[in-house]
Amino acid sequence: MNQMVKTWVHATLGAALAAVVFSAAATEYPVRQVRLVVPVAAGGPNDTFARTLAPRLGTGLGQQIVIENIPGAGGNLATASVLRQPHDGHNLVLHGMTYAVNPSIFGAASSYKIGDYTAVSIVAKGPLVLVAHPSLGVKNVKELIAYLKSKPTGVDYASGGPGTSPHLAAELFKLAAGVNMQHIPYKGTGAFMPDLLAGRVPVAFVSPLVIKPAIETGQLIGLGATGAKRSQGWDLPTIAEAGVPGFDFEAWYAIMTPTATPPDVVAKLNKVVDDAVNTPEAQEKWKSLGVEVMRGSPQDAQAYVMSEYAKWAKVVKAANIKAD
């Protein structure tokens, strides 16, 4: 057997062996409980998605899904935690757009590189809602802008931490409306809600998953939604309609796993996640809260994440967004 033939045989056998290993991995996976890490405190949209989907994911995988909240450092702590575990699909993270933004905001201080993870599935995306505490005395976006322009130092606004969707939406709003607000970062939406409801921090951009009851009871005033069009189930104008033409912002949420996870395991996870979100109950719940259910292959999800990384790298630089 000449060298060329030997090389071809070895390569073919290697590919076949890899396929068998991946197939076996997917067939056997999971062999124990699956840990789903949430990079923010309990009560935020990531946490809501995780706890809503966990029972369905557990049924699909035949194993218990254990949710672990690891807030702090804009999601860097949680992301690093999962990277330290075996890359076999038993340790996942339900991240948001923060994942695609952190490397640009934190630079060398980021706990991961954009290529360290691959997206299993984008579970949902949707707008945020700009809210103000009644004590601020504003009832719509134009009144808020006028109020902020009368205050050279602006007011404080809350976010779930550097690079989170509430942070990014607020910074884009400041830029587009020509106003000033001071960033007060917390360890997730659930962590800042008590101060927002008490008026200690009077303004925030918040996921519709968690803010609707506070608006309906009058604890907060909904000023506008960040999407390009009005959300179903909400009687709120868009921010573009209400005084900032062209403003358009949507947050997204994805289940992710380290890139070294076997492709067949990723494919199996994708199928289980797809089945979990493709139920009438899940779709009706997301729709009522103004959030759109997302479906697609792991390749589609990863392409979307990478496009978001490229987009936000430019925005972070242009807007000079800092980690505070």
# chains A, B, ... in the order shown; residues from 1 in each chain; ligands from 1
call {"tool": "residues_around", "arguments": {"residues": "Pro237 in chain A", "least_positions_apart": "2", "cutoff": "12 Å", "atoms": "only C-alpha atoms", "output": "PyMOL selection string"}}
result
chain A and resi 127+129-130+140-142+222-235+239-244+247
call {"tool": "residues_around", "arguments": {"residues": "Val201 in chain A", "least_positions_apart": "6", "cutoff": "7 Å", "atoms": "only C-alpha atoms", "output": "ChimeraX atom specification"}}
result
/A:156-158,195
call {"tool": "closest_residue", "arguments": {"among": "A:His95, A:Pro162, A:Lys139, A:Lys212", "to": "Lys187 in chain A", "atoms": "only C-alpha atoms"}}
result
A:Pro162
call {"tool": "residues_around", "arguments": {"residues": "range 252-261 of chain A", "least_positions_apart": "3", "cutoff": "8 Å", "atoms": "only C-alpha atoms", "output": "JSON, numbers by chain"}}
result
{"A": [46, 82, 83, 87, 88, 89, 91, 92, 93, 94, 95, 96, 97, 115, 116, 117, 118, 119, 120, 121, 122, 123, 124, 125, 126, 265, 266]}
call {"tool": "atom_distance", "arguments": {"atom1": "CA of Gln63 in chain A", "atom2": "CA of Ala276 in chain A"}}
result
14.4 Å
call {"tool": "select_by_dssp", "arguments": {"residues": "range 20-222 of chain A", "states": "strand (DSSP E)", "output": "PyMOL selection string"}}
result
chain A and resi 34-38+65-69+91-96+117-126+129-132+155-159+181-185+203-206+221-222
call {"tool": "write_last_selection", "arguments": {"atoms": "C-alpha atoms", "output": "mmCIF file, in the first residue's frame"}}
result
data_model
loop_
_atom_site.group_PDB
_atom_site.id
_atom_site.type_symbol
_atom_site.label_atom_id
_atom_site.label_comp_id
_atom_site.auth_asym_id
_atom_site.auth_seq_id
_atom_site.Cartn_x
_atom_site.Cartn_y
_atom_site.Cartn_z
ATOM 1 C CA VAL A 34 -28.128 18.770 33.144
ATOM 2 C CA ARG A 35 -27.029 22.055 34.695
ATOM 3 C CA LEU A 36 -28.544 25.167 33.111
ATOM 4 C CA VAL A 37 -26.716 28.269 34.311
ATOM 5 C CA VAL A 38 -28.470 31.651 34.305
ATOM 6 C CA ILE A 65 -32.635 20.164 34.584
ATOM 7 C CA VAL A 66 -30.979 21.976 37.489
ATOM 8 C CA ILE A 67 -31.038 25.775 37.210
ATOM 9 C CA GLU A 68 -28.183 27.673 38.827
ATOM 10 C CA ASN A 69 -28.120 31.478 38.995
ATOM 11 C CA ASN A 91 -23.418 22.211 31.445
ATOM 12 C CA LEU A 92 -25.322 24.864 29.507
ATOM 13 C CA VAL A 93 -25.935 28.589 29.866
ATOM 14 C CA LEU A 94 -29.081 30.535 28.994
ATOM 15 C CA HIS A 95 -27.440 33.748 27.880
ATOM 16 C CA GLY A 96 -28.748 36.887 26.285
ATOM 17 C CA TYR A 117 -19.293 28.949 22.857
ATOM 18 C CA THR A 118 -21.689 27.820 20.198
ATOM 19 C CA ALA A 119 -25.409 28.565 20.184
ATOM 20 C CA VAL A 120 -27.751 25.590 20.552
ATOM 21 C CA SER A 121 -30.856 27.646 19.848
ATOM 22 C CA ILE A 122 -32.146 31.218 20.001
ATOM 23 C CA VAL A 123 -35.164 30.725 22.249
ATOM 24 C CA ALA A 124 -36.787 34.127 21.887
ATOM 25 C CA LYS A 125 -36.342 37.756 21.016
ATOM 26 C CA GLY A 126 -38.368 40.876 21.549
ATOM 27 C CA VAL A 129 -40.185 48.575 27.598
ATOM 28 C CA LEU A 130 -39.011 52.001 28.743
ATOM 29 C CA VAL A 131 -40.572 52.691 32.146
ATOM 30 C CA ALA A 132 -40.471 55.540 34.633
ATOM 31 C CA VAL A 155 -31.250 60.971 36.167
ATOM 32 C CA ASP A 156 -30.155 57.504 37.205
ATOM 33 C CA TYR A 157 -31.241 54.467 35.197
ATOM 34 C CA ALA A 158 -31.015 50.829 36.239
ATOM 35 C CA SER A 159 -29.643 47.916 34.238
ATOM 36 C CA MET A 181 -28.644 59.495 32.212
ATOM 37 C CA GLN A 182 -26.361 57.887 34.762
ATOM 38 C CA HIS A 183 -25.892 54.101 34.663
ATOM 39 C CA ILE A 184 -26.551 52.158 37.880
ATOM 40 C CA PRO A 185 -25.653 48.485 37.194
ATOM 41 C CA VAL A 203 -35.922 54.916 34.904
ATOM 42 C CA ALA A 204 -35.123 51.597 33.219
ATOM 43 C CA PHE A 205 -35.556 49.556 30.081
ATOM 44 C CA VAL A 206 -37.108 46.255 31.173
ATOM 45 C CA ILE A 221 -45.511 54.090 33.841
ATOM 46 C CA GLY A 222 -44.880 52.430 30.495
#
call {"tool": "select_by_dssp", "arguments": {"residues": "range 175-272 of chain A", "states": "alpha helix (DSSP H)", "output": "PyMOL selection string"}}
result
chain A and resi 175-177+189-198+208-216+239-242+263-272
call {"tool": "write_last_selection", "arguments": {"atoms": "N, CA and C atoms", "output": "tab-separated table (two decimals), in the first residue's frame"}}
result
chain	number	residue	atom	x	y	z
A	175	LEU	N	-28.02	58.31	23.13
A	175	LEU	CA	-27.37	58.76	21.90
A	175	LEU	C	-28.40	59.31	20.91
A	176	ALA	N	-29.50	58.57	20.72
A	176	ALA	CA	-30.50	58.94	19.73
A	176	ALA	C	-31.31	60.16	20.14
A	177	ALA	N	-31.60	60.29	21.44
A	177	ALA	CA	-32.43	61.40	21.92
A	177	ALA	C	-31.63	62.61	22.35
A	189	THR	N	-32.00	41.89	36.13
A	189	THR	CA	-33.26	42.64	36.24
A	189	THR	C	-33.93	42.42	37.59
A	190	GLY	N	-33.97	41.17	38.03
A	190	GLY	CA	-34.60	40.88	39.31
A	190	GLY	C	-33.96	41.64	40.46
A	191	ALA	N	-32.67	41.92	40.35
A	191	ALA	CA	-31.95	42.63	41.41
A	191	ALA	C	-32.30	44.11	41.46
A	192	PHE	N	-32.60	44.72	40.29
A	192	PHE	CA	-32.90	46.16	40.34
A	192	PHE	C	-34.38	46.49	40.50
A	193	MET	N	-35.26	45.51	40.33
A	193	MET	CA	-36.69	45.78	40.39
A	193	MET	C	-37.15	46.42	41.71
A	194	PRO	N	-36.67	45.99	42.89
A	194	PRO	CA	-37.11	46.65	44.13
A	194	PRO	C	-36.80	48.14	44.15
A	195	ASP	N	-35.61	48.53	43.70
A	195	ASP	CA	-35.25	49.94	43.69
A	195	ASP	C	-36.03	50.71	42.63
A	196	LEU	N	-36.32	50.07	41.50
A	196	LEU	CA	-37.11	50.72	40.45
A	196	LEU	C	-38.54	50.94	40.95
A	197	LEU	N	-39.13	49.93	41.57
A	197	LEU	CA	-40.50	50.04	42.07
A	197	LEU	C	-40.62	51.06	43.20
A	198	ALA	N	-39.54	51.26	43.94
A	198	ALA	CA	-39.55	52.23	45.05
A	198	ALA	C	-39.19	53.64	44.58
A	208	PRO	N	-40.46	42.82	28.78
A	208	PRO	CA	-41.91	42.70	29.01
A	208	PRO	C	-42.27	41.47	29.82
A	209	LEU	N	-41.39	40.47	29.88
A	209	LEU	CA	-41.68	39.27	30.66
A	209	LEU	C	-41.88	39.57	32.13
A	210	VAL	N	-41.21	40.63	32.63
A	210	VAL	CA	-41.26	40.88	34.07
A	210	VAL	C	-41.94	42.20	34.44
A	211	ILE	N	-42.16	43.10	33.50
A	211	ILE	CA	-42.61	44.44	33.85
A	211	ILE	C	-44.10	44.67	33.71
A	212	LYS	N	-44.79	43.83	32.96
A	212	LYS	CA	-46.21	44.11	32.66
A	212	LYS	C	-47.08	44.27	33.91
A	213	PRO	N	-46.97	43.41	34.93
A	213	PRO	CA	-47.82	43.59	36.12
A	213	PRO	C	-47.62	44.94	36.80
A	214	ALA	N	-46.38	45.43	36.85
A	214	ALA	CA	-46.10	46.71	37.50
A	214	ALA	C	-46.72	47.88	36.74
A	215	ILE	N	-46.81	47.76	35.41
A	215	ILE	CA	-47.45	48.80	34.61
A	215	ILE	C	-48.97	48.74	34.79
A	216	GLU	N	-49.52	47.54	34.79
A	216	GLU	CA	-50.97	47.38	34.92
A	216	GLU	C	-51.49	47.86	36.27
A	239	ILE	N	-40.99	53.59	20.80
A	239	ILE	CA	-40.21	54.79	21.12
A	239	ILE	C	-40.02	55.64	19.87
A	240	ALA	N	-39.92	54.97	18.72
A	240	ALA	CA	-39.80	55.70	17.46
A	240	ALA	C	-41.05	56.55	17.22
A	241	GLU	N	-42.22	55.98	17.45
A	241	GLU	CA	-43.48	56.71	17.30
A	241	GLU	C	-43.58	57.85	18.31
A	242	ALA	N	-43.07	57.59	19.51
A	242	ALA	CA	-43.30	58.50	20.63
A	242	ALA	C	-42.31	59.65	20.75
A	263	PRO	N	-20.91	17.69	18.12
A	263	PRO	CA	-21.98	18.21	17.26
A	263	PRO	C	-23.29	17.44	17.37
A	264	ASP	N	-23.23	16.11	17.55
A	264	ASP	CA	-24.46	15.34	17.66
A	264	ASP	C	-25.21	15.66	18.95
A	265	VAL	N	-24.47	15.99	20.00
A	265	VAL	CA	-25.10	16.39	21.26
A	265	VAL	C	-25.78	17.74	21.08
A	266	VAL	N	-25.10	18.65	20.39
A	266	VAL	CA	-25.68	19.97	20.10
A	266	VAL	C	-26.97	19.81	19.29
A	267	ALA	N	-26.94	18.91	18.29
A	267	ALA	CA	-28.12	18.69	17.45
A	267	ALA	C	-29.27	18.11	18.27
A	268	LYS	N	-28.95	17.20	19.18
A	268	LYS	CA	-30.00	16.61	20.03
A	268	LYS	C	-30.60	17.68	20.94
A	269	LEU	N	-29.75	18.51	21.52
A	269	LEU	CA	-30.22	19.59	22.37
A	269	LEU	C	-31.12	20.55	21.59
A	270	ASN	N	-30.70	20.87	20.38
A	270	ASN	CA	-31.48	21.78	19.54
A	270	ASN	C	-32.88	21.24	19.30
A	271	LYS	N	-32.97	19.94	19.03
A	271	LYS	CA	-34.27	19.31	18.78
A	271	LYS	C	-35.16	19.38	20.02
A	272	VAL	N	-34.57	19.14	21.19
A	272	VAL	CA	-35.35	19.16	22.43
A	272	VAL	C	-35.81	20.59	22.74
call {"tool": "closest_residue", "arguments": {"among": "A:Ala73, A:Ala50, A:Val101, A:Leu172", "to": "Trp312 in chain A", "atoms": "only C-alpha atoms"}}
result
A:Val101
call {"tool": "atom_distance", "arguments": {"atom1": "CA of Gly74 in chain A", "atom2": "CA of Tyr186 in chain A"}}
result
8.9 Å
call {"tool": "closest_residue", "arguments": {"among": "A:Glu171, A:Asp275, A:Glu28, A:Asp47", "to": "Ala318 in chain A", "atoms": "only C-alpha atoms"}}
result
A:Glu171
